[in-house]
>>> print(open('upload19.tsv').read())   # TSV, C-alpha atoms and all ligand atoms
chain	number	residue	atom	x	y	z
Z	1	SER	CA	80.22	120.77	109.64
Z	2	SER	CA	80.25	118.85	112.91
Z	3	ARG	CA	82.73	116.36	111.54
Z	4	GLU	CA	86.36	116.48	112.61
Z	5	ALA	CA	88.73	118.26	110.24
Z	6	VAL	CA	91.40	116.06	108.73
Z	7	THR	CA	94.52	116.64	106.68
Z	8	VAL	CA	95.75	114.01	104.23
Z	9	ILE	CA	99.44	114.10	103.28
Z	10	GLY	CA	100.44	112.01	100.27
Z	11	LEU	CA	98.07	111.79	97.32
Z	12	GLY	CA	99.16	108.56	95.72
Z	13	ALA	CA	96.67	105.79	94.98
Z	14	MET	CA	95.97	105.30	98.69
Z	15	GLY	CA	96.10	108.85	100.05
Z	16	SER	CA	93.91	110.33	97.31
Z	17	THR	CA	91.26	107.67	97.95
Z	18	MET	CA	91.46	108.32	101.70
Z	19	ALA	CA	90.85	112.03	101.07
Z	20	GLU	CA	87.94	111.16	98.77
Z	21	VAL	CA	86.37	108.93	101.43
Z	22	PHE	CA	86.82	111.58	104.17
Z	23	LEU	CA	85.17	114.18	101.92
Z	24	ALA	CA	82.29	111.84	101.12
Z	25	ALA	CA	81.75	111.32	104.86
Z	26	GLY	CA	81.54	115.08	105.38
Z	27	HIS	CA	84.95	115.76	106.95
Z	28	PRO	CA	86.52	119.13	106.16
Z	29	THR	CA	89.61	117.86	104.34
Z	30	THR	CA	92.92	119.55	103.58
Z	31	VAL	CA	95.34	117.81	101.25
Z	32	TRP	CA	99.01	118.11	100.32
Z	33	ASN	CA	101.33	116.15	98.07
Z	34	ARG	CA	105.06	116.60	97.40
Z	35	THR	CA	104.50	116.83	93.67
Z	36	PRO	CA	101.76	119.36	92.93
Z	37	GLY	CA	98.93	118.71	90.48
Z	38	LYS	CA	97.40	115.67	92.16
Z	39	ALA	CA	94.63	117.44	94.08
Z	40	GLY	CA	92.39	118.57	91.20
Z	41	LYS	CA	89.64	116.00	91.62
Z	42	LEU	CA	89.73	116.35	95.39
Z	43	VAL	CA	89.47	120.12	95.29
Z	44	ALA	CA	86.49	119.75	92.95
Z	45	ALA	CA	84.95	117.49	95.62
Z	46	GLY	CA	85.48	120.15	98.31
Z	47	ALA	CA	89.03	119.61	99.60
Z	48	VAL	CA	91.35	122.48	100.41
Z	49	GLU	CA	94.79	122.13	98.83
Z	50	ALA	CA	97.54	123.40	101.10
Z	51	ALA	CA	100.45	125.15	99.40
Z	52	THR	CA	103.01	123.68	101.79
Z	53	ALA	CA	103.27	120.75	104.20
Z	54	ALA	CA	103.47	123.25	107.08
Z	55	GLU	CA	100.15	124.75	105.99
Z	56	ALA	CA	98.62	121.29	105.68
Z	57	VAL	CA	99.70	120.32	109.20
Z	58	ALA	CA	98.47	123.65	110.60
Z	59	ALA	CA	95.03	123.11	109.05
Z	60	SER	CA	93.90	120.12	111.16
Z	61	ASN	CA	94.71	118.58	114.49
Z	62	LEU	CA	94.47	115.16	112.83
Z	63	VAL	CA	96.91	114.48	110.01
Z	64	VAL	CA	96.68	111.22	108.06
Z	65	ILE	CA	99.80	110.34	106.10
Z	66	SER	CA	100.08	107.87	103.21
Z	67	GLN	CA	103.42	107.92	101.42
Z	68	VAL	CA	105.79	105.32	100.07
Z	69	ASP	CA	107.68	105.00	103.39
Z	70	TYR	CA	108.59	106.81	106.61
Z	71	ALA	CA	111.59	108.61	105.07
Z	72	ALA	CA	109.02	110.48	102.96
Z	73	MET	CA	107.35	111.76	106.15
Z	74	ASP	CA	110.70	112.89	107.55
Z	75	GLN	CA	111.43	114.81	104.35
Z	76	SER	CA	107.95	116.28	104.02
Z	77	LEU	CA	107.71	117.41	107.64
Z	78	ALA	CA	111.28	118.62	108.16
Z	79	GLY	CA	111.07	121.89	110.06
Z	80	VAL	CA	107.26	121.78	110.31
Z	81	ASP	CA	105.74	122.63	113.71
Z	82	LEU	CA	104.13	119.44	115.04
Z	83	THR	CA	103.11	120.81	118.44
Z	84	GLY	CA	99.86	119.19	119.56
Z	85	ARG	CA	99.36	117.42	116.25
Z	86	VAL	CA	98.20	113.82	115.91
Z	87	LEU	CA	99.97	112.21	112.95
Z	88	VAL	CA	98.46	108.95	111.79
Z	89	ASN	CA	100.92	107.35	109.40
Z	90	LEU	CA	99.46	104.55	107.29
Z	91	SER	CA	102.58	104.10	105.15
Z	92	SER	CA	104.64	100.93	105.01
Z	93	ASP	CA	107.97	100.60	106.80
Z	94	SER	CA	109.73	98.29	109.26
Z	95	PRO	CA	108.61	97.99	112.91
Z	96	ASP	CA	111.90	99.51	114.14
Z	97	ARG	CA	111.49	102.45	111.78
Z	98	LEU	CA	108.03	103.09	113.27
Z	99	ARG	CA	109.46	102.99	116.79
Z	100	SER	CA	112.16	105.58	116.03
Z	101	ALA	CA	109.70	107.78	114.10
Z	102	SER	CA	107.29	107.68	117.03
Z	103	GLN	CA	110.01	108.89	119.36
Z	104	SER	CA	111.17	111.70	117.10
Z	105	VAL	CA	107.61	112.97	116.52
Z	106	ALA	CA	107.11	112.97	120.32
Z	107	GLU	CA	110.34	114.95	120.76
Z	108	ARG	CA	108.88	117.56	118.40
Z	109	GLY	CA	105.73	117.87	120.53
Z	110	GLY	CA	103.47	115.77	118.32
Z	111	MET	CA	101.97	112.34	118.69
Z	112	LEU	CA	102.45	109.57	116.14
Z	113	VAL	CA	99.90	106.84	115.68
Z	114	THR	CA	101.21	104.08	113.45
Z	115	GLY	CA	98.90	102.13	111.18
Z	116	GLY	CA	98.89	99.37	108.62
Z	117	ILE	CA	95.96	99.54	106.22
Z	118	MET	CA	94.86	96.16	104.96
Z	119	VAL	CA	93.04	97.02	101.74
Z	120	PRO	CA	93.90	98.26	98.27
Z	121	PRO	CA	92.66	101.74	97.28
Z	122	GLN	CA	89.27	100.56	96.03
Z	123	GLY	CA	88.64	98.84	99.39
Z	124	ILE	CA	89.12	101.95	101.52
Z	125	GLY	CA	85.94	102.73	103.44
Z	126	GLN	CA	84.30	99.47	102.31
Z	127	PRO	CA	82.80	97.07	104.88
Z	128	SER	CA	85.71	94.60	104.81
Z	129	ALA	CA	88.39	97.27	105.30
Z	130	TYR	CA	90.43	97.35	108.47
Z	131	VAL	CA	93.55	99.01	109.80
Z	132	PHE	CA	96.04	97.78	112.44
Z	133	TYR	CA	96.89	100.67	114.79
Z	134	SER	CA	99.54	100.96	117.47
Z	135	GLY	CA	100.75	103.73	119.76
Z	136	SER	CA	98.49	105.58	122.16
Z	137	GLN	CA	95.19	103.76	122.66
Z	138	GLU	CA	93.74	106.97	124.09
Z	139	VAL	CA	94.59	108.96	120.96
Z	140	VAL	CA	93.24	106.25	118.65
Z	141	GLY	CA	90.10	106.19	120.80
Z	142	ALA	CA	89.71	109.97	120.62
Z	143	HIS	CA	89.80	109.89	116.79
Z	144	ARG	CA	88.13	106.53	116.30
Z	145	GLU	CA	85.03	107.87	114.62
Z	146	THR	CA	87.06	109.70	111.99
Z	147	LEU	CA	89.57	106.87	111.49
Z	148	GLU	CA	86.78	104.35	111.03
Z	149	VAL	CA	85.69	106.21	107.90
Z	150	LEU	CA	88.66	104.40	106.30
Z	151	GLY	CA	87.81	101.00	107.79
Z	152	ARG	CA	87.49	99.20	111.10
Z	153	ALA	CA	90.16	100.37	113.55
Z	154	ASP	CA	91.91	97.46	115.28
Z	155	PHE	CA	94.14	98.68	118.11
Z	156	MET	CA	97.02	96.23	118.58
Z	157	GLY	CA	99.02	97.73	121.45
Z	158	ALA	CA	101.19	100.56	122.74
Z	159	ASP	CA	104.42	99.44	121.03
Z	160	PRO	CA	104.46	101.64	117.89
Z	161	GLY	CA	106.04	98.81	115.88
Z	162	LEU	CA	103.04	96.51	116.25
Z	163	ALA	CA	100.97	98.00	113.43
Z	164	MET	CA	103.65	97.01	110.93
Z	165	LEU	CA	104.44	93.71	112.63
Z	166	TYR	CA	100.86	92.63	112.01
Z	167	TYR	CA	100.76	94.30	108.59
Z	168	GLN	CA	103.91	92.51	107.44
Z	169	ALA	CA	102.73	89.22	108.93
Z	170	MET	CA	99.66	89.52	106.71
Z	171	LEU	CA	101.47	90.87	103.66
Z	172	ASN	CA	103.99	88.02	103.84
Z	173	MET	CA	101.12	85.53	103.65
Z	174	PHE	CA	99.30	87.46	100.96
Z	175	TRP	CA	102.35	87.69	98.70
Z	176	THR	CA	103.66	84.17	99.19
Z	177	THR	CA	100.21	82.65	98.67
Z	178	LEU	CA	99.53	84.57	95.48
Z	179	VAL	CA	103.07	84.27	94.11
Z	180	SER	CA	103.03	80.50	94.71
Z	181	TYR	CA	99.84	80.48	92.63
Z	182	PHE	CA	101.70	82.32	89.84
Z	183	TYR	CA	104.45	79.70	89.96
Z	184	SER	CA	101.86	76.93	89.75
Z	185	ALA	CA	100.01	78.62	86.88
Z	186	ALA	CA	103.34	78.97	85.02
Z	187	LEU	CA	104.12	75.31	85.66
Z	188	VAL	CA	100.86	73.97	84.25
Z	189	GLY	CA	101.10	76.58	81.50
Z	190	THR	CA	104.24	74.87	80.17
Z	191	ALA	CA	101.99	71.91	79.29
Z	192	GLY	CA	99.49	74.17	77.54
Z	193	ILE	CA	97.08	74.12	80.51
Z	194	SER	CA	95.32	77.40	81.24
Z	195	ALA	CA	95.26	79.03	84.67
Z	196	GLU	CA	91.47	78.78	84.46
Z	197	ASP	CA	91.81	74.98	84.58
Z	198	LEU	CA	93.99	75.20	87.68
Z	199	ARG	CA	91.83	77.76	89.50
Z	200	PRO	CA	89.16	75.42	90.94
Z	201	TYR	CA	91.86	73.22	92.47
Z	202	ALA	CA	93.64	76.28	93.86
Z	203	ALA	CA	90.36	77.59	95.29
Z	204	ALA	CA	89.58	74.25	96.95
Z	205	LEU	CA	93.05	74.19	98.52
Z	206	LEU	CA	92.62	77.67	99.95
Z	207	SER	CA	89.22	76.92	101.43
Z	208	ASP	CA	90.44	73.59	102.86
Z	209	LEU	CA	93.21	75.50	104.61
Z	210	THR	CA	90.73	77.72	106.39
Z	211	ASP	CA	88.05	75.11	107.08
Z	212	GLU	CA	86.82	75.34	110.68
Z	213	GLY	CA	86.17	71.59	110.80
Z	214	PRO	CA	88.58	68.92	112.02
Z	215	MET	CA	90.41	68.83	108.66
Z	216	GLY	CA	91.18	72.57	108.51
Z	217	PHE	CA	94.95	72.87	108.27
Z	218	LEU	CA	95.20	76.39	109.66
Z	219	LYS	CA	93.32	75.37	112.80
Z	220	ILE	CA	95.22	72.09	113.32
Z	221	LEU	CA	98.65	73.61	112.69
Z	222	THR	CA	97.90	76.60	114.94
Z	223	VAL	CA	97.34	74.19	117.83
Z	224	GLU	CA	100.67	72.52	116.98
Z	225	ILE	CA	102.48	75.89	116.95
Z	226	GLU	CA	100.95	76.85	120.32
Z	227	ARG	CA	101.85	73.51	121.89
Z	228	GLY	CA	105.27	73.17	120.26
Z	229	VAL	CA	104.37	69.59	119.39
Z	230	TYR	CA	104.51	68.50	115.73
Z	231	PRO	CA	103.21	65.00	115.14
Z	232	GLY	CA	104.55	63.54	111.90
Z	233	ALA	CA	103.46	59.91	111.82
Z	234	GLU	CA	101.25	60.40	108.74
Z	235	ASN	CA	103.22	63.13	106.95
Z	236	ASN	CA	106.80	63.13	108.13
Z	237	LEU	CA	109.02	66.04	107.28
Z	238	HIS	CA	111.79	63.94	105.73
Z	239	MET	CA	109.30	62.64	103.14
Z	240	GLN	CA	108.17	66.23	102.49
Z	241	ALA	CA	111.80	67.44	102.17
Z	242	VAL	CA	112.34	64.84	99.46
Z	243	GLY	CA	109.06	65.88	97.82
Z	244	SER	CA	110.05	69.54	97.88
Z	245	GLU	CA	113.15	68.64	95.80
Z	246	HIS	CA	110.81	67.08	93.24
Z	247	VAL	CA	108.93	70.37	93.02
Z	248	VAL	CA	112.23	72.14	92.28
Z	249	HIS	CA	113.03	69.54	89.58
Z	250	ALA	CA	109.60	70.01	87.99
Z	251	PHE	CA	110.28	73.74	87.57
Z	252	GLU	CA	113.86	73.12	86.42
Z	253	GLN	CA	112.84	70.60	83.77
Z	254	VAL	CA	110.60	73.10	81.99
Z	255	GLY	CA	113.02	76.00	82.32
Z	256	LEU	CA	111.08	78.13	84.82
Z	257	ASP	CA	112.38	80.25	87.66
Z	258	THR	CA	113.10	78.02	90.67
Z	259	GLY	CA	113.67	80.71	93.32
Z	260	MET	CA	110.61	80.17	95.45
Z	261	PRO	CA	110.44	76.34	95.28
Z	262	ARG	CA	114.17	76.25	96.04
Z	263	ALA	CA	113.78	78.51	99.08
Z	264	LEU	CA	111.22	76.04	100.44
Z	265	ALA	CA	113.32	72.98	99.65
Z	266	THR	CA	116.29	74.62	101.42
Z	267	LEU	CA	114.21	75.27	104.53
Z	268	PHE	CA	112.84	71.72	104.51
Z	269	ALA	CA	116.34	70.26	104.13
Z	270	ARG	CA	117.66	72.37	107.00
Z	271	ALA	CA	114.85	71.12	109.27
Z	272	ASP	CA	115.49	67.54	108.18
Z	273	ALA	CA	119.22	67.92	108.89
Z	274	ALA	CA	118.45	69.46	112.29
Z	275	GLY	CA	116.70	66.26	113.30
Z	276	HIS	CA	113.06	67.10	112.58
Z	277	GLY	CA	112.66	64.44	109.88
Z	278	LEU	CA	110.14	62.38	111.79
Z	279	SER	CA	108.14	65.40	112.92
Z	280	GLY	CA	105.38	67.03	110.90
Z	281	LEU	CA	105.46	70.11	108.65
Z	282	THR	CA	104.94	72.52	111.55
Z	283	ALA	CA	108.42	71.64	112.88
Z	284	LEU	CA	109.65	74.10	110.21
Z	285	ILE	CA	108.83	76.87	112.67
Z	286	GLU	CA	111.77	75.68	114.78
Z	287	VAL	CA	114.27	76.40	111.99
Z	288	ILE	CA	112.48	79.59	111.00
Z	289	ARG	CA	113.18	80.73	114.58
Z	290	LYS	CA	116.87	79.77	114.20
Z	291	PRO	CA	118.09	81.28	110.92
Z	292	ALA	CA	120.98	79.58	109.13
Z	293	THR	CA	124.25	81.28	110.06
A	301	LIG	P1	101.87	105.54	95.35
A	301	LIG	O1	103.12	105.11	94.69
A	301	LIG	O2	100.62	105.63	94.55
A	301	LIG	O3	102.09	106.97	96.05
A	301	LIG	C1	103.27	107.24	96.76
A	301	LIG	C2	103.13	108.57	97.49
A	301	LIG	O4	104.31	108.79	98.28
A	301	LIG	C3	102.99	109.75	96.55
A	301	LIG	O5	102.09	110.67	97.12
A	301	LIG	C4	104.41	110.31	96.55
A	301	LIG	O6	104.47	111.68	96.27
A	301	LIG	C5	104.79	110.08	97.98
A	301	LIG	N1	106.24	110.13	98.19
A	301	LIG	C6	107.16	109.22	97.79
A	301	LIG	N2	108.40	109.60	98.16
A	301	LIG	C7	108.25	110.79	98.79
A	301	LIG	C8	109.15	111.68	99.43
A	301	LIG	N3	110.47	111.43	99.48
A	301	LIG	N4	108.65	112.81	99.99
A	301	LIG	C9	107.32	113.07	99.96
A	301	LIG	N5	106.41	112.26	99.39
A	301	LIG	C10	106.87	111.13	98.80
A	301	LIG	O7	101.69	104.57	96.60
A	301	LIG	P2	100.31	104.10	97.30
A	301	LIG	O8	99.44	105.26	97.51
A	301	LIG	O9	99.80	102.90	96.60
A	301	LIG	O10	100.88	103.57	98.71
A	301	LIG	C11	101.10	104.45	99.81
A	301	LIG	C12	101.46	103.61	101.03
A	301	LIG	O11	100.37	102.74	101.33
A	301	LIG	C13	102.69	102.73	100.81
A	301	LIG	O12	103.48	102.71	101.98
A	301	LIG	C14	102.08	101.36	100.55
A	301	LIG	O13	102.95	100.32	100.95
A	301	LIG	C15	100.83	101.40	101.43
A	301	LIG	N6	99.74	100.52	100.97
A	301	LIG	C16	99.38	100.46	99.65
A	301	LIG	C17	98.34	99.64	99.24
A	301	LIG	C18	97.92	99.59	97.82
A	301	LIG	O14	97.21	98.62	97.46
A	301	LIG	N7	98.27	100.53	96.98
A	301	LIG	C19	97.62	98.80	100.22
A	301	LIG	C20	98.03	98.99	101.58
A	301	LIG	C21	99.06	99.81	101.93
A	301	LIG	P3	104.81	112.20	94.77
A	301	LIG	O15	103.49	112.24	94.05
A	301	LIG	O16	105.40	113.53	95.01
A	301	LIG	O17	105.78	111.21	94.15
>>> encode(input="upload19.tsv", output="structure tokens", more="lines below")
Ligand code: NDP
Amino acid sequence: SSREAVTVIGLGAMGSTMAEVFLAAGHPTTVWNRTPGKAGKLVAAGAVEAATAAEAVAASNLVVISQVDYAAMDQSLAGVDLTGRVLVNLSSDSPDRLRSASQSVAERGGMLVTGGIMVPPQGIGQPSAYVFYSGSQEVVGAHRETLEVLGRADFMGADPGLAMLYYQAMLNMFWTTLVSYFYSAALVGTAGISAEDLRPYAAALLSDLTDEGPMGFLKILTVEIERGVYPGAENNLHMQAVGSEHVVHAFEQVGLDTGMPRALATLFARADAAGHGLSGLTALIEVIRKPAT
């Protein structure tokens, strides 16, 4: 085969799909997982199962890793010769953890590319899939064709922490958006209203947020963030702080969890107390930047 050989370490939901997609694209693929017995389907599709992590790393210059976190890589690759190897770790961890991992892989003669993959398993290799990469642009460039089998490769910068900074920025939005929907579904559910009845309103809200027209909140508030100017004449923050308490009360009155609404009300109150009451919602970014002590 003329395709680049690749090793996949970690055969969980993500790693096993990555290996599947590499095989389907014609890449000679070696796989390894800490717990044996997860490679059966992949071997049937043409993968080579390495007996040890050392063997797996020796098999290909390019090693793609997908495990629960970076400690898993440290454990799996302890004592393994990394000389000349390109490790592309697509696992989750903190930006600082990626920076220290990058340094220790370099000290062992290897090169770490850090990545944050922005799709669930079934999205890997699909047209909407993309991955945030950071580290050496040259190394990402040299393996771009292979990496893009998984999804579009977006290079974010040389700082190895950037892949996760972007990843967590996105994951934070993904989780809070969806979890706030769960809260809202639970709230209407206490009155016997089905989530299906709420969904069209939720969908309209989400598309209004991203509207490119003059009423699109994301666009308007981005300009406010960039300028550091938060007009509040029509929607002042004090009014919204009071309103956010009402949201907490609504959840309290029906006996639901109030954790997330309360976290918001606390943030709003802190901004109000800090003197942002006459500003708009975006003034919250000022108190987000100055955590409560
Ligand atoms: P799974 O729970 O399905 O798989 C976890 C993998 O990590 C297994 O291969 C497991 O091996 C391995 N592992 C855990 N601890 C260790 C260890 N100490 N040493 C060696 N191997 C270890 O997770 P996913 O595949 O879903 O996720 C993998 C990564 O991808 C995570 O960092 C996740 O945050 C990220 N991710 C997941 C997405 C998803 O939708 N699933 C989407 C985007 C990113 P073993 O079989 O031996 O336990």
>>> residues_near_ligand(input="upload19.tsv", ligand="ligand LIG 301 (chain A)", cutoff="8 Å", atoms="only C-alpha atoms and all ligand atoms", output="ChimeraX atom specification")
/Z:9-16,33-36,38,66-69,71-76,90-93,116-121
>>> residues_around(input="upload19.tsv", residues="stretch 49-61 of chain Z", least_positions_apart="2", cutoff="6 Å", atoms="only C-alpha atoms", output="ChimeraX atom specification")
/Z:5-7,30-32,80,85
>>> atom_distance(input="upload19.tsv", atom1="atom CA of Z:Ser100", atom2="atom CA of Z:Gly161")
9.1 Å
>>> residues_around(input="upload19.tsv", residues="Z:Ala19", least_positions_apart="5", cutoff="8 Å", atoms="only C-alpha atoms", output="number ranges by chain")
Z: 8, 29, 31, 42, 47
>>> closest_residue(input="upload19.tsv", among="Z:Glu252, Z:Asp257, Z:Glu245, Z:Asp96", to="Z:Leu165", atoms="only C-alpha atoms")
Z:Asp96
>>> residues_around(input="upload19.tsv", residues="Z:Pro291", least_positions_apart="2", cutoff="12 Å", atoms="all atoms listed in the file", output="PyMOL selection string")
chain Z and resi 266-267+270-271+274+284-289+293
>>> closest_residue(input="upload19.tsv", among="Z:Ala158, Z:Ala142, Z:Leu221, Z:Leu178", to="Z:Leu209", atoms="all atoms listed in the file")
Z:Leu221
>>> closest_residue(input="upload19.tsv", among="Z:His276, Z:Arg199, Z:His246, Z:Arg262", to="Z:Tyr230", atoms="only C-alpha atoms")
Z:His276
>>> closest_residue(input="upload19.tsv", among="Z:Gly259, Z:Pro95, Z:Gly280, Z:Pro200", to="Z:Tyr183", atoms="all atoms listed in the file")
Z:Gly259
>>> axis_aligned_box(input="upload19.tsv", around="stretch 25-43 of chain Z", padding_each_side="3 Å", output="JSON")
{"center_x": 93.3, "center_y": 115.7, "center_z": 98.7, "size_x": 29.5, "size_y": 14.8, "size_z": 22.5}
>>> residues_around(input="upload19.tsv", residues="Z:Glu145", least_positions_apart="4", cutoff="12 Å", atoms="only C-alpha atoms", output="list in words")
Arg3, Glu4, Ala5, Val6, Phe22, Ala25, His27, Val139, Val140, Gly141, Val149, Leu150, Gly151, Arg152 and Ala153 of chain Z
>>> atom_distance(input="upload19.tsv", atom1="atom CA of Z:Asp211", atom2="atom CA of Z:Ala195")
23.9 Å
>>> atom_distance(input="upload19.tsv", atom1="atom CA of Z:Ala78", atom2="atom CA of Z:Leu162")
24.9 Å
>>> closest_residue(input="upload19.tsv", among="Z:Ala241, Z:Ala250, Z:Ala101, Z:Ala39", to="Z:Leu264", atoms="all atoms listed in the file")
Z:Ala241
>>> residues_around(input="upload19.tsv", residues="Z:Phe217", least_positions_apart="4", cutoff="12 Å", atoms="all atoms listed in the file", output="MDAnalysis selection string")
chainID Z and resid 205:213 221:225 281:282
>>> closest_residue(input="upload19.tsv", among="Z:Pro231, Z:Pro214, Z:Gly125, Z:Gly255", to="Z:Thr17", atoms="all atoms listed in the file")
Z:Gly125
